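Novice: Supplied structure: run34.tsv, TSV, C-alpha atoms.
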chain	number	residue	atom	x	y	z
A	1	MET	CA	75.12	-83.19	-88.25
A	2	ARG	CA	72.68	-80.54	-89.43
A	3	LEU	CA	73.93	-77.07	-88.55
A	4	GLN	CA	70.84	-76.01	-86.61
A	5	LYS	CA	71.07	-79.21	-84.55
A	6	PHE	CA	74.74	-78.54	-83.87
A	7	LEU	CA	73.93	-74.98	-82.72
A	8	ALA	CA	71.19	-76.23	-80.42
A	9	ARG	CA	73.43	-78.90	-78.90
A	10	ALA	CA	76.21	-76.35	-78.43
A	11	GLY	CA	73.81	-74.11	-76.53
A	12	ALA	CA	73.85	-71.23	-79.02
A	13	ALA	CA	70.04	-71.13	-78.99
A	14	SER	CA	67.00	-73.37	-79.09
A	15	ARG	CA	66.52	-75.31	-82.32
A	16	ARG	CA	64.03	-72.74	-83.61
A	17	GLY	CA	66.31	-69.95	-82.44
A	18	SER	CA	69.24	-71.60	-84.23
A	19	GLU	CA	67.28	-71.55	-87.47
A	20	ASP	CA	66.58	-67.86	-86.93
A	21	LEU	CA	70.29	-67.19	-86.40
A	22	MET	CA	71.06	-68.91	-89.70
A	23	THR	CA	68.42	-67.13	-91.76
A	24	ALA	CA	69.56	-63.80	-90.27
A	25	GLY	CA	73.06	-64.40	-91.67
A	26	ARG	CA	74.70	-64.55	-88.25
A	27	VAL	CA	76.25	-68.03	-88.66
A	28	SER	CA	79.38	-68.91	-90.59
A	29	VAL	CA	81.11	-72.22	-91.28
A	30	ASN	CA	84.82	-72.09	-92.08
A	31	GLY	CA	84.54	-68.36	-92.72
A	32	VAL	CA	81.53	-68.57	-95.06
A	33	VAL	CA	78.13	-67.27	-93.97
A	34	VAL	CA	75.58	-70.09	-94.10
A	35	GLY	CA	71.85	-69.39	-94.16
A	36	GLU	CA	70.49	-72.52	-95.80
A	37	LEU	CA	68.62	-74.72	-93.31
A	38	GLY	CA	69.73	-78.33	-93.41
A	39	THR	CA	73.38	-77.51	-94.11
A	40	LYS	CA	75.56	-80.20	-92.54
A	41	VAL	CA	78.75	-79.77	-90.53
A	42	ASP	CA	81.34	-82.05	-89.01
A	43	PRO	CA	81.86	-80.89	-85.39
A	44	ASN	CA	85.36	-82.44	-85.40
A	45	VAL	CA	86.53	-80.59	-88.52
A	46	ASP	CA	84.43	-77.50	-89.26
A	47	GLU	CA	84.75	-74.16	-87.45
A	48	VAL	CA	81.32	-72.70	-86.67
A	49	ARG	CA	80.90	-69.09	-85.56
A	50	VAL	CA	77.88	-67.08	-84.39
A	51	ASP	CA	78.35	-63.32	-84.68
A	52	GLY	CA	82.05	-64.03	-85.13
A	53	VAL	CA	82.38	-66.07	-81.92
A	54	VAL	CA	83.46	-69.73	-82.23
A	55	VAL	CA	80.81	-72.18	-81.08
A	56	ARG	CA	81.79	-75.66	-79.89
A	57	LEU	CA	79.98	-78.63	-78.43
A	58	ALA	CA	80.29	-78.51	-74.66
A	59	ASP	CA	81.23	-81.45	-72.47
A	60	GLY	CA	77.58	-81.74	-71.49
A	61	PRO	CA	74.44	-79.61	-71.26
A	62	THR	CA	73.64	-77.50	-68.22
A	63	TYR	CA	70.24	-77.68	-66.50
A	64	LEU	CA	69.18	-75.21	-63.81
A	65	MET	CA	66.03	-74.04	-62.09
A	66	LEU	CA	65.49	-70.38	-61.19
A	67	ASN	CA	62.93	-68.93	-58.80
A	68	LYS	CA	61.99	-65.89	-60.87
A	69	PRO	CA	60.83	-62.80	-58.97
A	70	ALA	CA	58.16	-60.47	-60.32
A	71	GLY	CA	59.49	-57.54	-62.34
A	72	TYR	CA	61.86	-59.49	-64.62
A	73	VAL	CA	61.12	-60.27	-68.26
A	74	THR	CA	61.95	-63.72	-69.62
A	75	THR	CA	64.20	-62.73	-72.46
A	76	MET	CA	67.92	-62.62	-73.08
A	77	LYS	CA	67.89	-58.90	-73.93
A	78	ASP	CA	65.17	-56.27	-73.59
A	79	PRO	CA	65.15	-53.26	-75.94
A	80	GLN	CA	63.14	-51.31	-73.35
A	81	GLY	CA	65.89	-51.71	-70.77
A	82	ARG	CA	63.79	-53.68	-68.27
A	83	PRO	CA	65.47	-56.18	-65.91
A	84	THR	CA	65.75	-59.62	-67.53
A	85	VAL	CA	66.22	-63.10	-66.10
A	86	VAL	CA	69.78	-62.96	-67.45
A	87	ASP	CA	70.51	-60.56	-64.57
A	88	LEU	CA	69.73	-63.49	-62.23
A	89	PHE	CA	71.95	-66.07	-63.93
A	90	PRO	CA	74.70	-67.41	-61.63
A	91	PRO	CA	78.15	-65.81	-62.16
A	92	ASP	CA	79.56	-69.07	-63.55
A	93	ALA	CA	76.67	-69.62	-65.98
A	94	PRO	CA	77.93	-71.24	-69.20
A	95	ALA	CA	77.65	-69.50	-72.54
A	96	GLY	CA	74.44	-70.39	-74.33
A	97	LEU	CA	72.28	-70.69	-71.21
A	98	PHE	CA	68.69	-69.67	-71.96
A	99	PRO	CA	65.20	-70.03	-70.44
A	100	VAL	CA	62.82	-72.83	-71.40
A	101	GLY	CA	59.63	-71.01	-72.35
A	102	ARG	CA	58.50	-67.84	-70.63
A	103	LEU	CA	56.95	-66.43	-67.51
A	104	ASP	CA	55.46	-62.98	-67.99
A	105	GLN	CA	56.99	-60.01	-66.19
A	106	ASP	CA	54.63	-60.09	-63.20
A	107	THR	CA	54.66	-63.88	-62.72
A	108	GLU	CA	56.97	-65.48	-60.18
A	109	GLY	CA	58.28	-68.97	-59.65
A	110	LEU	CA	59.88	-71.88	-61.44
A	111	LEU	CA	61.75	-71.16	-64.64
A	112	LEU	CA	63.97	-73.81	-66.22
A	113	LEU	CA	67.30	-72.77	-67.75
A	114	THR	CA	69.42	-74.94	-70.01
A	115	THR	CA	72.01	-75.08	-72.78
A	116	ASP	CA	70.22	-78.14	-74.21
A	117	GLY	CA	68.40	-76.63	-77.17
A	118	GLU	CA	66.96	-79.94	-78.33
A	119	LEU	CA	65.33	-80.77	-74.99
A	120	ALA	CA	64.03	-77.22	-74.63
A	121	HIS	CA	62.43	-77.42	-78.08
A	122	VAL	CA	60.66	-80.67	-77.21
A	123	LEU	CA	59.51	-79.46	-73.78
A	124	MET	CA	57.95	-76.35	-75.30
A	125	HIS	CA	56.20	-78.23	-78.11
A	126	PRO	CA	52.44	-78.45	-77.43
A	127	ARG	CA	52.15	-82.07	-78.50
A	128	HIS	CA	53.97	-83.26	-75.36
A	129	HIS	CA	51.46	-81.66	-72.94
A	130	VAL	CA	53.96	-81.32	-70.09
A	131	PRO	CA	51.90	-80.20	-67.04
A	132	LYS	CA	52.72	-76.89	-65.36
A	133	ARG	CA	51.28	-76.10	-61.91
A	134	TYR	CA	50.43	-72.57	-60.81
A	135	LEU	CA	49.12	-70.88	-57.68
A	136	ALA	CA	46.98	-67.81	-58.41
A	137	THR	CA	45.56	-65.27	-55.99
A	138	VAL	CA	42.40	-63.96	-57.64
A	139	GLY	CA	39.82	-61.30	-57.01
A	140	GLY	CA	36.57	-62.70	-55.64
A	141	VAL	CA	35.87	-66.30	-54.72
A	142	PRO	CA	35.14	-68.68	-57.64
A	143	ASP	CA	32.11	-70.92	-57.16
A	144	GLU	CA	31.72	-74.48	-58.37
A	145	SER	CA	30.36	-73.32	-61.71
A	146	ASP	CA	33.52	-71.25	-62.28
A	147	MET	CA	35.72	-74.21	-61.39
A	148	ARG	CA	33.78	-76.40	-63.80
A	149	TRP	CA	34.55	-73.92	-66.60
A	150	LEU	CA	38.26	-74.24	-65.87
A	151	ARG	CA	38.07	-78.03	-65.77
A	152	ASP	CA	36.07	-78.25	-69.01
A	153	GLY	CA	37.98	-75.60	-70.95
A	154	VAL	CA	37.53	-71.84	-71.28
A	155	ARG	CA	36.88	-69.92	-74.48
A	156	LEU	CA	39.77	-67.51	-75.07
A	157	ASP	CA	40.37	-65.08	-77.92
A	158	ASP	CA	42.62	-67.66	-79.60
A	159	GLY	CA	40.24	-70.61	-79.13
A	160	MET	CA	39.15	-72.98	-76.41
A	161	SER	CA	41.68	-73.86	-73.76
A	162	ALA	CA	42.32	-77.50	-72.99
A	163	PRO	CA	40.74	-78.77	-69.75
A	164	ALA	CA	42.75	-77.86	-66.65
A	165	GLU	CA	42.97	-79.34	-63.20
A	166	ALA	CA	41.66	-76.72	-60.79
A	167	ARG	CA	40.93	-76.45	-57.10
A	168	ILE	CA	40.47	-73.70	-54.53
A	169	VAL	CA	43.28	-73.77	-51.97
A	170	LYS	CA	42.12	-70.89	-49.78
A	171	ARG	CA	39.13	-68.56	-49.48
A	172	SER	CA	38.80	-65.16	-47.86
A	173	GLY	CA	36.14	-62.49	-47.98
A	174	THR	CA	37.17	-60.83	-51.24
A	175	ALA	CA	39.81	-63.13	-52.68
A	176	ALA	CA	40.81	-66.75	-53.15
A	177	VAL	CA	43.90	-68.80	-53.96
A	178	VAL	CA	43.41	-71.20	-56.88
A	179	GLU	CA	45.73	-74.03	-57.93
A	180	LEU	CA	45.69	-74.61	-61.68
A	181	ILE	CA	47.50	-77.28	-63.70
A	182	ILE	CA	47.61	-76.69	-67.45
A	183	ARG	CA	49.18	-78.65	-70.28
A	184	GLU	CA	49.39	-75.89	-72.85
A	185	GLY	CA	51.71	-72.94	-73.13
A	186	ARG	CA	49.78	-70.05	-74.61
A	187	LYS	CA	50.80	-66.49	-73.83
A	188	ARG	CA	49.54	-65.37	-70.39
A	189	GLN	CA	47.21	-68.39	-70.45
A	190	VAL	CA	46.52	-68.77	-66.72
A	191	ARG	CA	45.76	-65.06	-66.35
A	192	ARG	CA	43.45	-65.13	-69.37
A	193	MET	CA	41.61	-68.26	-68.21
A	194	LEU	CA	40.88	-66.77	-64.80
A	195	SER	CA	39.90	-63.40	-66.27
A	196	ALA	CA	37.49	-65.24	-68.57
A	197	ILE	CA	35.57	-66.48	-65.51
A	198	ASP	CA	35.63	-62.95	-64.00
A	199	HIS	CA	38.27	-63.65	-61.36
A	200	PRO	CA	41.33	-61.63	-62.43
A	201	VAL	CA	44.73	-62.62	-61.11
A	202	ASN	CA	46.39	-60.42	-58.50
A	203	LYS	CA	49.43	-62.65	-58.00
A	204	LEU	CA	50.69	-65.67	-59.93
A	205	GLU	CA	53.43	-68.17	-59.14
A	206	ARG	CA	54.54	-71.30	-61.02
A	207	LEU	CA	55.28	-74.12	-58.60
A	208	ALA	CA	56.10	-77.04	-60.90
A	209	PHE	CA	57.11	-77.91	-64.47
A	210	GLY	CA	56.37	-81.58	-65.07
A	211	ALA	CA	57.84	-83.48	-62.14
A	212	ILE	CA	60.22	-80.61	-61.26
A	213	GLU	CA	59.09	-78.83	-58.08
A	214	LEU	CA	60.18	-75.33	-57.05
A	215	GLY	CA	60.33	-76.35	-53.39
A	216	ASP	CA	61.96	-73.91	-50.97
A	217	LEU	CA	64.41	-72.32	-53.43
A	218	PRO	CA	64.62	-68.63	-52.40
A	219	ARG	CA	63.22	-65.99	-54.73
A	220	GLY	CA	65.88	-64.85	-57.21
A	221	ALA	CA	68.10	-67.89	-56.54
A	222	SER	CA	68.98	-70.76	-58.87
A	223	ARG	CA	70.37	-74.27	-58.50
A	224	PRO	CA	71.43	-77.13	-60.80
A	225	LEU	CA	68.88	-79.85	-61.46
A	226	THR	CA	69.71	-83.24	-60.02
A	227	SER	CA	70.31	-86.17	-62.35
A	228	ASP	CA	66.92	-87.57	-61.34
A	229	GLU	CA	65.23	-84.28	-62.21
A	230	VAL	CA	66.93	-84.15	-65.62
A	231	ALA	CA	65.85	-87.76	-66.25
A	232	ALA	CA	62.27	-86.84	-65.29
A	233	LEU	CA	62.28	-83.93	-67.74
A	234	LYS	CA	63.56	-86.14	-70.54
A	235	ASP	CA	60.97	-88.76	-69.70
A	236	ALA	CA	58.22	-86.12	-69.84
A	237	ALA	CA	59.54	-84.99	-73.21
A	238	GLY	CA	59.82	-88.55	-74.49
A	239	VAL	CA	63.54	-88.31	-75.28
Just dump the structure as structure tokens.
Specialist:
Amino acid sequence: MRLQKFLARAGAASRRGSEDLMTAGRVSVNGVVVGELGTKVDPNVDEVRVDGVVVRLADGPTYLMLNKPAGYVTTMKDPQGRPTVVDLFPPDAPAGLFPVGRLDQDTEGLLLLTTDGELAHVLMHPRHHVPKRYLATVGGVPDESDMRWLRDGVRLDDGMSAPAEARIVKRSGTAAVVELIIREGRKRQVRRMLSAIDHPVNKLERLAFGAIELGDLPRGASRPLTSDEVAALKDAAGV
């Protein structure tokens, strides 16, 4: 088995993250630092360590959902000392648990956590177009022309966005709630799309990732995915 694949399956990091660990000289096999991508190991014979800690294949991957509150950054460690989603992991979280993709610090809602680096890599790859559903409270009330922009694609500083599904859920005098379903994963994409049509986001929550729904999970809480939910994720990823 290729070493980066072994590391991903063992939950050390995502597949891309495993490659980064290797090229940074943090991985050893049988006491020898290995940085060459594509190096093969035998999980039944070879001893693999990351930062000196032995890494083994677990009995099976872990899959959780977390209802992320605002104020937490989606990273395993923050050099600025801000709260991270790791602070919300359950006490019995297995080693190697990490978030699938990111929600920015001010965004709330559904965040997937797993030790399955291979599935995480596929889910985050843009070619699979896994839909993600958001609820955004915006300044002002978008009109039909604004909604058409969202549905046709919005010009952003890194190119045109793909068409989104968009509808107004609620209107008030100076604000509205917009539901947006996107199939890309650019940085702060929903916020940028809505700012591009002059309706900046005041509050943003992710409600669904593929067929996985946040439901009534309390803010800050997590729970294991059901077997049906894991199967739905794998189906969406084509694995």
Novice: For CA of Ala8 (chain A) and CA of Met124 (chain A), determine how far apart the two atoms are, in Å to one decimal place.
Specialist: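 The value is 14.2 Å.
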Novice: Pick from A:Met160, A:Val86, A:Ala120, A:Val32: nearest to Gly17 (chain A), with all atoms listed in the file counted?
Specialist: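 For Gly17 (chain A), the nearest of the candidates is A:Ala120.
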Novice: Check the smallest atom-to-atom distance from each of A:Pro91, A:Leu194, A:Thr75, A:Leu21 to Leu156 (chain A) using only C-alpha atoms, then report the winner.
Specialist: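 Comparing A:Pro91, A:Leu194, A:Thr75, A:Leu21 against Leu156 (chain A), the winner is A:Leu194.
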Novice: Given all atoms listed in the file, how would the per-residue table for region 161-194 of chain A near region 138-142 of chain A read, listing every residue at most 9 Å away with its closest atom pair and distance in Å to one decimal, sorted by chain and number, as a Markdown table?
Specialist:
| residue | atom | partner | partner_atom | distance |
| --- | --- | --- | --- | --- |
| A:Ile168 | CA | A:Pro142 | CA | 8.0 |
| A:Arg171 | CA | A:Val141 | CA | 6.6 |
| A:Ser172 | CA | A:Val141 | CA | 7.5 |
| A:Gly173 | CA | A:Gly140 | CA | 7.7 |
| A:Thr174 | CA | A:Gly140 | CA | 4.8 |
| A:Ala175 | CA | A:Gly140 | CA | 4.4 |
| A:Ala176 | CA | A:Val141 | CA | 5.2 |
| A:Val177 | CA | A:Val138 | CA | 6.3 |
| A:Val178 | CA | A:Val138 | CA | 7.3 |
| A:Leu194 | CA | A:Val138 | CA | 7.8 |
Novice: Using only C-alpha atoms for the distances, tell me which of A:Ala24, A:Thr226, A:Leu113, A:Asp104 is nearest to Gln189 (chain A).
Specialist: A:Asp104
Novice: Find the residue from A:Arg223, A:Arg183, A:Lys203, A:Lys68 that sits nearest to Val130 (chain A); use only C-alpha atoms when measuring.
Specialist: A:Arg183
Novice: At most 12 Å from (56.2, -71.5, -59.1), file frame, only C-alpha atoms: which residues, as an MDAnalysis selection string?
Specialist: chainID A and resid 65:70 103 107:112 132:136 179:181 203:210 212:220
Novice: Write a file of the just-selected residues containing C-alpha atoms, as a PDB file, in the coordinates of the input.
Specialist:
ATOM      1  CA  MET A  65      66.030 -74.040 -62.090  1.00  0.00           C
ATOM      2  CA  LEU A  66      65.490 -70.380 -61.190  1.00  0.00           C
ATOM      3  CA  ASN A  67      62.930 -68.930 -58.800  1.00  0.00           C
ATOM      4  CA  LYS A  68      61.990 -65.890 -60.870  1.00  0.00           C
ATOM      5  CA  PRO A  69      60.830 -62.800 -58.970  1.00  0.00           C
ATOM      6  CA  ALA A  70      58.160 -60.470 -60.320  1.00  0.00           C
ATOM      7  CA  LEU A 103      56.950 -66.430 -67.510  1.00  0.00           C
ATOM      8  CA  THR A 107      54.660 -63.880 -62.720  1.00  0.00           C
ATOM      9  CA  GLU A 108      56.970 -65.480 -60.180  1.00  0.00           C
ATOM     10  CA  GLY A 109      58.280 -68.970 -59.650  1.00  0.00           C
ATOM     11  CA  LEU A 110      59.880 -71.880 -61.440  1.00  0.00           C
ATOM     12  CA  LEU A 111      61.750 -71.160 -64.640  1.00  0.00           C
ATOM     13  CA  LEU A 112      63.970 -73.810 -66.220  1.00  0.00           C
ATOM     14  CA  LYS A 132      52.720 -76.890 -65.360  1.00  0.00           C
ATOM     15  CA  ARG A 133      51.280 -76.100 -61.910  1.00  0.00           C
ATOM     16  CA  TYR A 134      50.430 -72.570 -60.810  1.00  0.00           C
ATOM     17  CA  LEU A 135      49.120 -70.880 -57.680  1.00  0.00           C
ATOM     18  CA  ALA A 136      46.980 -67.810 -58.410  1.00  0.00           C
ATOM     19  CA  GLU A 179      45.730 -74.030 -57.930  1.00  0.00           C
ATOM     20  CA  LEU A 180      45.690 -74.610 -61.680  1.00  0.00           C
ATOM     21  CA  ILE A 181      47.500 -77.280 -63.700  1.00  0.00           C
ATOM     22  CA  LYS A 203      49.430 -62.650 -58.000  1.00  0.00           C
ATOM     23  CA  LEU A 204      50.690 -65.670 -59.930  1.00  0.00           C
ATOM     24  CA  GLU A 205      53.430 -68.170 -59.140  1.00  0.00           C
ATOM     25  CA  ARG A 206      54.540 -71.300 -61.020  1.00  0.00           C
ATOM     26  CA  LEU A 207      55.280 -74.120 -58.600  1.00  0.00           C
ATOM     27  CA  ALA A 208      56.100 -77.040 -60.900  1.00  0.00           C
ATOM     28  CA  PHE A 209      57.110 -77.910 -64.470  1.00  0.00           C
ATOM     29  CA  GLY A 210      56.370 -81.580 -65.070  1.00  0.00           C
ATOM     30  CA  ILE A 212      60.220 -80.610 -61.260  1.00  0.00           C
ATOM     31  CA  GLU A 213      59.090 -78.830 -58.080  1.00  0.00           C
ATOM     32  CA  LEU A 214      60.180 -75.330 -57.050  1.00  0.00           C
ATOM     33  CA  GLY A 215      60.330 -76.350 -53.390  1.00  0.00           C
ATOM     34  CA  ASP A 216      61.960 -73.910 -50.970  1.00  0.00           C
ATOM     35  CA  LEU A 217      64.410 -72.320 -53.430  1.00  0.00           C
ATOM     36  CA  PRO A 218      64.620 -68.630 -52.400  1.00  0.00           C
ATOM     37  CA  ARG A 219      63.220 -65.990 -54.730  1.00  0.00           C
ATOM     38  CA  GLY A 220      65.880 -64.850 -57.210  1.00  0.00           C
TER      39      GLY A 220
END
Novice: Taking all atoms listed in the file into account, name the residue in A:Asp51, A:Asp87, A:Asp198, A:Asp143 that is nearest to Ala221 (chain A).
Specialist: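 Checking each candidate against Ala221 (chain A), we get A:Asp87 as the closest.
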Novice: Identify which of the residues A:Asn30, A:Leu64, A:Ala166, A:Lys187 lies closest to Gln105 (chain A), counting only C-alpha atoms when measuring atom-to-atom distances.
Specialist: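 Checking each of A:Asn30, A:Leu64, A:Ala166, A:Lys187 against Gln105 (chain A), counting only C-alpha atoms, the winner is A:Lys187.
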Novice: Quick one: residues within 6 Å of region 147-154 of chain A, all atoms listed in the file counted, chain neighbours fewer than 6 positions away excluded, as a list in words?
Specialist: Met160, Ser161, Ala162, Pro163, Ala164 and Glu165 of chain A
Novice: Mind giving me the straight-line distance from CA of Asp78 (chain A) to CA of Glu184 (chain A) in Å, one decimal?
Specialist: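 Separation between CA of Asp78 (chain A) and CA of Glu184 (chain A): 25.2 Å.
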Novice: Quick one, how far is CA of Leu119 (chain A) from CA of Ser14 (chain A)?
Specialist: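 A separation of 8.6 Å between them.
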Novice: Could you list as a PyMOL selection string every residue that has an atom within 10 Å of (59.3, -87.1, -64.1), using the file's coordinates and counting only C-alpha atoms?
Specialist: chain A and resi 130+209-212+228-237
